[in-house]
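What follows is a set of notes on a single structure, which appears directly below.
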Amino acid sequence: MAEYESIHGTRVRYLTSDPTLDSSTEGQVWYNSTSGANKALVQIKATSASGSLATARSGISGGGASPQTVGIVFGGQISPATTNTTATEEYNGFSWANGGNMNLGRGYGCGFGTQTAAVGAGGYDHGNGDQSEVEEYNGSTWSEVTDLPGNQRSQGAAGTQTAGLVFGGDPPGPIRTQSLEYDGTNWTSSGTLNTGRKYLAGCGIQTLALAVGGSVGTPVRSAATEEYNGSSWTSGNSFTEGRSALACFGLQTHAVIAGGDDQDPSIVSSIEEYDGTNWTTSPATLATARRYFAGFGSGTAGAVAGGGTPGITAATEEYNSSILSPRTGVWAASTNLPGTRDNGSVSQSGTTSAAYYAGGSNPGAPYTPDTPTIEYNGSSWTAGGALSTGRISAGSGGTLTAGLTWGGFQGPGVGDNTNTTEEYNGTSWTGGGNLPTPQRECYGDGTQTDSIFGGSFGAPNVTALKYDGSSWTAISNLPAGRFGAAGAGNSSAFVLAGGAPNKTTLEWNGSSWGAGGDVPTSPLFAMAAGGTQTSALFYGGEGGSPSGLLAGTFFYNGTAMESRSNMTQSQSTDNSGDAGSCLAIGGGSPAISVEEWDESAAGTATASTLTTS
């Protein structure tokens, strides 16, 4: 048996403690004499579910040169299988949004480029057969450009909009070996594949491309790998499992293949990685085995979407390979409220061991707003000072000893909504500066001296105000009205998400509103939120009939929403804490539930202990 030194040229180091765990340590093995264990730093390889496509489809094309967080897919076949689609969808790292439609719907063509500069070429149009049409996308619209030199489908592709490559495929006649280069205007014939294939996949750039898998004739599936140098193809090492209708993403020196049809034939979920010479099977697999789907991204951070399972799917999955652990979190039951409560005011900036819950109502109709405050010390609830004005659906913020609540619903016959603001010192509530008008469902975040909200139910829905500790001041109105939105941050940096009727995410930079990454669930309002503009947690809420209460949890990183573990029960809940540690208080069924969120930070490298067997 070969020893470690003869393989790697170095001996296993003998250390009293683990070395610094970073990229320089990756792949190393050492002996930790303190723990008495052999250890190593290896990459963590995993797939995770992401936001689904709006249109489920098979035979889909995409921009393989797009990063994992900025993807694009287009065309394909929808149910029934004889129906083409022109739909384009754009990915933001978590959810999909509709882009401009193609001029010609078709499936089983090929695509290359990026979200703002993509190319769709060839394909099969039911009713009109194979196509030579080529279209370019500029980030909003598609336009017809120079056709391929002949009708064709099921090709592989690589490259960018101004330096693309299309290879293989069929028909007419025998399976194609032809390669065609695209310069943004014209197509030019180039070197031929050593093995003609259809339904193959490709990745890389025009001068360093990779062609993998495919069908060489029913039912034979290929495991062949070929590398392109800008003029000719060279055969490389085959991968483990022959397959066609697969996805490929990355570069010629570091690529990933996933899914497809194997020899049986059956649809597979396995993933393999290429280092420029050899293929290795990844320990990660797709949760949804699929074929005829799109892939994009790099060899360490890619994504796949759509495909046949054999029925069509809208599922999206991300593949990540890193020495750093992913951000994770979990909900756990905490001490229940002493009685059922709903729509109360909470210490948004509080902690899991120092929180208040004020006002609210028994969730049964009719709503009767209450005034009691209860305080939480991390294990039990005790009575605190009562509000002067009983209210539900009020905005709130601050901490246990410096709390704030504003607006809300007082109940029929007492003026409905209120404009009053109250401040809490940990013992009693006193009046603060009033809102300009009575309003409710004007949720926001902040501290007793710096809070903000946008939109409401009882005033013009575009209203946005900030509080400085004594008075409310109008700031730039929202681009569109809403109520029941959730927010995190302060008057200098704030993120607002969800709400009705508009759930789009907005960011406030202290002077103006801009677009952010949306929560994928729709419709959505009355979520809880906490944290900062670049590190916020959104959870729970209501989806409306027939969805009802929701249990979803989402982390906002300042750009996009990332899915997290669901709460144990669906609830329109209230929050105390931040993105890493917070409470979900009441709002469920029954509305006495309290759950605690504990989230680990992303980017932690952890050494693995090696064992013998």
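Ordering of the structure tokens sets the chain letters (A, B, ...), residue numbers begin anew at 1 in every chain, and ligands are numbered from 1 in the order given.
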
Inset, instruction - Tell me, as an MDAnalysis selection string, which residues lie within 9 Å of Tyr467 (chain A), counting only C-alpha atoms; anything in the same chain fewer than 4 positions away does not count. - result: chainID A and resid 433 446:452 471:473 491

Dump N, CA and C atoms for the selected residues as an mmCIF file, in the first residue's frame?
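Saved file result12.cif follows:
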```cif
data_model
loop_
_atom_site.group_PDB
_atom_site.id
_atom_site.type_symbol
_atom_site.label_atom_id
_atom_site.label_comp_id
_atom_site.auth_asym_id
_atom_site.auth_seq_id
_atom_site.Cartn_x
_atom_site.Cartn_y
_atom_site.Cartn_z
ATOM 1 N N GLY A 433 -43.777 61.347 20.700
ATOM 2 C CA GLY A 433 -44.324 62.169 19.631
ATOM 3 C C GLY A 433 -45.320 61.406 18.781
ATOM 4 N N GLY A 446 -36.032 49.541 14.502
ATOM 5 C CA GLY A 446 -35.151 50.574 15.009
ATOM 6 C C GLY A 446 -35.113 50.592 16.517
ATOM 7 N N THR A 447 -34.634 51.713 17.048
ATOM 8 C CA THR A 447 -34.505 51.892 18.491
ATOM 9 C C THR A 447 -35.465 52.977 18.953
ATOM 10 N N GLN A 448 -35.444 53.238 20.255
ATOM 11 C CA GLN A 448 -36.333 54.253 20.810
ATOM 12 C C GLN A 448 -36.023 55.645 20.265
ATOM 13 N N THR A 449 -34.785 55.853 19.814
ATOM 14 C CA THR A 449 -34.392 57.168 19.295
ATOM 15 C C THR A 449 -34.127 57.171 17.794
ATOM 16 N N ASP A 450 -34.318 56.044 17.141
ATOM 17 C CA ASP A 450 -34.057 55.982 15.688
ATOM 18 C C ASP A 450 -34.837 54.821 15.085
ATOM 19 N N SER A 451 -36.093 55.064 14.729
ATOM 20 C CA SER A 451 -36.941 54.028 14.119
ATOM 21 C C SER A 451 -37.489 54.511 12.789
ATOM 22 N N ILE A 452 -37.963 53.542 11.982
ATOM 23 C CA ILE A 452 -38.439 53.843 10.629
ATOM 24 C C ILE A 452 -39.495 52.824 10.225
ATOM 25 N N SER A 471 -40.032 63.025 17.802
ATOM 26 C CA SER A 471 -41.036 63.330 16.778
ATOM 27 C C SER A 471 -40.821 62.493 15.528
ATOM 28 N N TRP A 472 -41.911 62.380 14.753
ATOM 29 C CA TRP A 472 -41.886 61.659 13.486
ATOM 30 C C TRP A 472 -41.705 62.651 12.335
ATOM 31 N N THR A 473 -40.857 62.255 11.357
ATOM 32 C CA THR A 473 -40.586 63.095 10.196
ATOM 33 C C THR A 473 -40.826 62.289 8.932
ATOM 34 N N SER A 491 -33.006 54.246 10.386
ATOM 35 C CA SER A 491 -33.346 55.283 9.422
ATOM 36 C C SER A 491 -32.228 55.602 8.451
#
```

Inset, instruction - Name the residues of region 384-584 of chain A that fall into strand (DSSP E) according to DSSP on the backbone, using the chain letters and numbers of this document, as number ranges by chain. - result: A: 395-398, 403-406, 421-424, 429-431, 444-447, 450-454, 464-467, 472-474, 486-489, 494-497, 506-508, 513-515, 528-532, 535-539, 553-556, 561-564, 574-577, 581-584

Inset, instruction - Do a neighbour search on Tyr108 (chain A) at 7 Å with only C-alpha atoms, toss out local chain neighbours closer than 2 positions, and write the hits as a count of residues only. - result: 8

Residues of region 390-478 of chain A at most 10 Å from region 576-591 of chain A: nearest atom pair and distance in Å, only C-alpha atoms, as a tab-separated table:
```
residue	atom	partner	partner_atom	distance
A:Gly397	CA	A:Ser576	CA	8.7
A:Gly398	CA	A:Ser576	CA	9.2
A:Thr399	CA	A:Ser576	CA	8.5
A:Leu400	CA	A:Ser576	CA	9.7
```

Counting only C-alpha atoms, which residues in region 58-127 of chain A sit no more than 12 Å from region 34-49 of chain A? For each one, give the nearest pair of atoms and the distance in Å, sorted by chain then residue number, as a tab-separated table.
```
residue	atom	partner	partner_atom	distance
A:Gly93	CA	A:Ala49	CA	11.3
A:Phe94	CA	A:Ala49	CA	9.3
A:Ser95	CA	A:Ala49	CA	10.8
```

Inset, instruction - Return the single residue from A:Gly558, A:Gly350, A:Gly469, A:Gly339 that is closest to Ser593 (chain A), with distances computed using only C-alpha atoms. - result: A:Gly339

Inset, instruction - Write out as a PyMOL selection string which residues come within 7 Å of Gly454 (chain A) when counting only C-alpha atoms, dropping same-chain ones fewer than 4 positions away. - result: chain A and resi 442+444+462-465+478

Just write the chosen residues, C-alpha atoms, as a PDB file, in the first residue's frame.
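Output file part17.pdb follows:
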```
ATOM      1  CA  CYS A 442     -47.143  50.314   9.750  1.00  0.00           C
ATOM      2  CA  GLY A 444     -40.767  48.864  10.873  1.00  0.00           C
ATOM      3  CA  VAL A 462     -46.898  55.107   0.357  1.00  0.00           C
ATOM      4  CA  THR A 463     -46.163  56.938   3.617  1.00  0.00           C
ATOM      5  CA  ALA A 464     -42.671  56.473   5.098  1.00  0.00           C
ATOM      6  CA  LEU A 465     -41.664  58.072   8.427  1.00  0.00           C
ATOM      7  CA  LEU A 478     -42.418  54.342  -1.144  1.00  0.00           C
TER       8      LEU A 478
END
```

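Among the candidate residues A:Thr532, A:Ser143, A:Asn509, A:Asn343, the one lying nearest to Ser572 (chain A) is A:Asn343, with distances computed using only C-alpha atoms.
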
Inset, instruction - Extract, using only C-alpha atoms, all DNA, RNA and protein residues at most 9 Å from region 148-152 of chain A, discarding same-chain residues fewer than 4 positions from it, and format them as a list of chain:residue names. - result: A:Gly109, A:Ala121, A:Gly122, A:Gly123, A:Tyr124, A:Gly129, A:Asp130, A:Gln131, A:Ser132, A:Glu133, A:Val134, A:Gly169, A:Asp170, A:Pro171, A:Pro172, A:Leu180, A:Asn186, A:Trp187

For the residues selected in the previous step, produce a file with N, CA and C atoms as an mmCIF file, in the first residue's frame.
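Contents of result-v4.cif, freshly written:
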```cif
data_model
loop_
_atom_site.group_PDB
_atom_site.id
_atom_site.type_symbol
_atom_site.label_atom_id
_atom_site.label_comp_id
_atom_site.auth_asym_id
_atom_site.auth_seq_id
_atom_site.Cartn_x
_atom_site.Cartn_y
_atom_site.Cartn_z
ATOM 1 N N GLY A 109 -32.932 23.278 -27.814
ATOM 2 C CA GLY A 109 -31.886 24.035 -28.488
ATOM 3 C C GLY A 109 -30.706 24.165 -27.567
ATOM 4 N N ALA A 121 -29.944 29.320 -29.610
ATOM 5 C CA ALA A 121 -29.720 28.876 -30.995
ATOM 6 C C ALA A 121 -30.379 27.537 -31.269
ATOM 7 N N GLY A 122 -31.025 27.429 -32.441
ATOM 8 C CA GLY A 122 -31.615 26.173 -32.879
ATOM 9 C C GLY A 122 -32.742 25.723 -31.978
ATOM 10 N N GLY A 123 -33.013 24.403 -32.028
ATOM 11 C CA GLY A 123 -34.065 23.839 -31.217
ATOM 12 C C GLY A 123 -35.181 23.237 -32.048
ATOM 13 N N TYR A 124 -36.175 22.701 -31.348
ATOM 14 C CA TYR A 124 -37.287 22.014 -31.992
ATOM 15 C C TYR A 124 -38.589 22.737 -31.672
ATOM 16 N N GLY A 129 -41.032 21.753 -36.669
ATOM 17 C CA GLY A 129 -39.811 20.966 -36.753
ATOM 18 C C GLY A 129 -38.577 21.680 -36.240
ATOM 19 N N ASP A 130 -37.408 21.182 -36.663
ATOM 20 C CA ASP A 130 -36.119 21.723 -36.217
ATOM 21 C C ASP A 130 -35.896 23.118 -36.784
ATOM 22 N N GLN A 131 -35.160 23.920 -36.020
ATOM 23 C CA GLN A 131 -35.011 25.323 -36.354
ATOM 24 C C GLN A 131 -33.532 25.725 -36.478
ATOM 25 N N SER A 132 -33.294 26.773 -37.268
ATOM 26 C CA SER A 132 -31.957 27.361 -37.371
ATOM 27 C C SER A 132 -31.923 28.753 -36.752
ATOM 28 N N GLU A 133 -33.067 29.233 -36.259
ATOM 29 C CA GLU A 133 -33.152 30.607 -35.768
ATOM 30 C C GLU A 133 -32.271 30.832 -34.545
ATOM 31 N N VAL A 134 -31.621 31.996 -34.515
ATOM 32 C CA VAL A 134 -30.771 32.416 -33.408
ATOM 33 C C VAL A 134 -31.293 33.757 -32.889
ATOM 34 N N GLY A 169 -25.031 17.552 -31.788
ATOM 35 C CA GLY A 169 -26.459 17.658 -32.017
ATOM 36 C C GLY A 169 -26.933 16.851 -33.209
ATOM 37 N N ASP A 170 -28.175 17.045 -33.598
ATOM 38 C CA ASP A 170 -28.784 16.434 -34.762
ATOM 39 C C ASP A 170 -29.961 17.302 -35.180
ATOM 40 N N PRO A 171 -30.719 17.050 -36.209
ATOM 41 C CA PRO A 171 -30.376 16.288 -37.401
ATOM 42 C C PRO A 171 -29.777 17.246 -38.423
ATOM 43 N N PRO A 172 -29.857 17.144 -39.734
ATOM 44 C CA PRO A 172 -30.354 15.941 -40.422
ATOM 45 C C PRO A 172 -29.237 14.915 -40.560
ATOM 46 N N LEU A 180 -19.323 25.030 -34.451
ATOM 47 C CA LEU A 180 -19.548 26.344 -35.052
ATOM 48 C C LEU A 180 -19.169 27.425 -34.046
ATOM 49 N N ASN A 186 -21.512 36.513 -36.933
ATOM 50 C CA ASN A 186 -21.462 35.427 -37.916
ATOM 51 C C ASN A 186 -21.073 34.094 -37.282
ATOM 52 N N TRP A 187 -21.442 33.015 -38.001
ATOM 53 C CA TRP A 187 -21.084 31.654 -37.617
ATOM 54 C C TRP A 187 -19.996 31.139 -38.555
#
```

Write out as a compact mmCIF listing (two decimals) with N, CA and C atoms, in the first residue's frame which residues come within 6 Å of region 233-250 of chain A when counting only C-alpha atoms, dropping same-chain ones fewer than 2 positions away.
```
# COMPACT_ATOMS: atom_id res chain seq x y z
N LEU A 193 -15.82 17.26 -33.55
CA LEU A 193 -15.72 16.36 -32.40
C LEU A 193 -15.17 15.01 -32.86
N TYR A 199 -27.76 15.62 -27.59
CA TYR A 199 -28.14 15.80 -26.19
C TYR A 199 -26.93 15.73 -25.27
N LEU A 200 -25.84 16.36 -25.73
CA LEU A 200 -24.64 16.48 -24.91
C LEU A 200 -24.66 17.82 -24.20
N ALA A 201 -23.66 18.08 -23.35
CA ALA A 201 -23.59 19.34 -22.61
C ALA A 201 -22.20 19.93 -22.77
N GLY A 202 -22.08 21.21 -22.50
CA GLY A 202 -20.80 21.88 -22.61
C GLY A 202 -20.68 23.01 -21.63
N CYS A 203 -19.43 23.47 -21.44
CA CYS A 203 -19.17 24.63 -20.59
C CYS A 203 -17.82 25.21 -20.96
N GLY A 213 -20.55 13.88 -22.37
CA GLY A 213 -21.71 13.02 -22.44
C GLY A 213 -22.44 13.10 -23.76
N GLY A 214 -23.72 12.76 -23.71
CA GLY A 214 -24.57 12.77 -24.89
C GLY A 214 -24.96 11.38 -25.33
N SER A 215 -25.78 11.32 -26.34
CA SER A 215 -26.22 10.05 -26.92
C SER A 215 -25.54 9.84 -28.26
N ARG A 221 -25.49 5.68 -24.29
CA ARG A 221 -25.14 6.96 -23.69
C ARG A 221 -23.62 7.04 -23.56
N SER A 222 -23.09 8.22 -23.78
CA SER A 222 -21.64 8.40 -23.80
C SER A 222 -21.12 8.96 -22.49
N ALA A 223 -19.92 8.55 -22.11
CA ALA A 223 -19.21 9.12 -20.97
C ALA A 223 -17.99 9.91 -21.46
N ALA A 224 -17.97 10.22 -22.76
CA ALA A 224 -16.79 10.85 -23.36
C ALA A 224 -16.64 12.30 -22.93
N THR A 225 -15.38 12.71 -22.76
CA THR A 225 -15.00 14.09 -22.49
C THR A 225 -14.09 14.56 -23.61
N GLU A 226 -14.38 15.73 -24.15
CA GLU A 226 -13.48 16.31 -25.16
C GLU A 226 -13.21 17.77 -24.82
N GLU A 227 -11.95 18.18 -25.06
CA GLU A 227 -11.52 19.55 -24.76
C GLU A 227 -11.21 20.28 -26.06
N TYR A 228 -11.65 21.54 -26.13
CA TYR A 228 -11.47 22.37 -27.33
C TYR A 228 -10.46 23.47 -27.03
N HIS A 254 -12.09 23.00 -14.40
CA HIS A 254 -12.86 22.70 -13.18
C HIS A 254 -14.35 22.76 -13.52
N ALA A 255 -14.90 21.62 -13.83
CA ALA A 255 -16.28 21.55 -14.29
C ALA A 255 -17.09 20.57 -13.45
N VAL A 256 -18.40 20.69 -13.54
CA VAL A 256 -19.32 19.81 -12.83
C VAL A 256 -20.39 19.34 -13.81
N ILE A 257 -20.71 18.05 -13.78
CA ILE A 257 -21.85 17.52 -14.52
C ILE A 257 -22.86 16.98 -13.53
N ALA A 258 -24.14 17.02 -13.90
CA ALA A 258 -25.20 16.57 -13.00
C ALA A 258 -26.35 15.99 -13.80
N GLY A 259 -27.01 14.97 -13.21
CA GLY A 259 -28.24 14.41 -13.75
C GLY A 259 -28.11 13.82 -15.14
N GLY A 260 -29.25 13.69 -15.83
CA GLY A 260 -29.30 13.15 -17.18
C GLY A 260 -29.88 11.76 -17.24
N ASP A 261 -29.84 11.16 -18.45
CA ASP A 261 -30.25 9.78 -18.71
C ASP A 261 -29.02 8.88 -18.70
N ASP A 262 -29.09 7.72 -18.07
CA ASP A 262 -27.96 6.80 -18.15
C ASP A 262 -28.28 5.66 -19.12
N TRP A 279 -12.15 12.78 -13.57
CA TRP A 279 -13.46 12.96 -12.98
C TRP A 279 -13.55 12.22 -11.65
N ARG A 291 -33.56 15.37 -16.35
CA ARG A 291 -32.91 15.40 -17.64
C ARG A 291 -33.46 16.59 -18.44
N TYR A 292 -32.77 16.95 -19.52
CA TYR A 292 -33.20 18.06 -20.39
C TYR A 292 -33.41 19.35 -19.58
N ALA A 294 -31.32 22.97 -17.53
CA ALA A 294 -30.28 23.97 -17.72
C ALA A 294 -29.37 24.03 -16.50
N GLY A 295 -28.10 24.35 -16.74
CA GLY A 295 -27.14 24.55 -15.67
C GLY A 295 -26.30 25.79 -15.94
N PHE A 296 -25.84 26.44 -14.87
CA PHE A 296 -24.98 27.61 -15.01
C PHE A 296 -24.17 27.78 -13.74
N GLY A 297 -23.08 28.56 -13.83
CA GLY A 297 -22.26 28.83 -12.67
C GLY A 297 -20.85 28.31 -12.83
N SER A 298 -20.13 28.21 -11.71
CA SER A 298 -18.74 27.78 -11.69
C SER A 298 -18.61 26.37 -11.14
N GLY A 299 -17.40 25.84 -11.14
CA GLY A 299 -17.17 24.50 -10.63
C GLY A 299 -17.33 24.37 -9.14
```

Legend entry - Which of A:Ser189, A:Asn138, A:Asn92, A:Ser231 sits closest to Ala209 (chain A) [using only C-alpha atoms]: A:Ser231

Legend entry - One-decimal distance in Å that lies between CA of Ser563 (chain A) and CA of Glu272 (chain A): 25.3 Å

Inset, instruction - Show which residues sit within 8 Å of Phe167 (chain A), as a ChimeraX atom specification. Count only C-alpha atoms, and ignore same-chain residues fewer than 4 positions away. - result: /A:155-157,176-180,193

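For the set A:Pro19, A:Gly306, A:Gly487, A:Gly184, the residue with the smallest atom-to-atom gap to Ala54 (chain A) is A:Gly306, counting only C-alpha atoms.
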
Legend entry - Residue with smallest distance to Glu317 (chain A) - pool A:Gly173, A:Gly455, A:Gly302, A:Gly531, counting only C-alpha atoms: A:Gly302

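The nearest approach to Thr505 (chain A) among the residues A:Pro479, A:Gly308, A:Gly548, A:Gly530, with only C-alpha atoms taken into account, belongs to A:Pro479.
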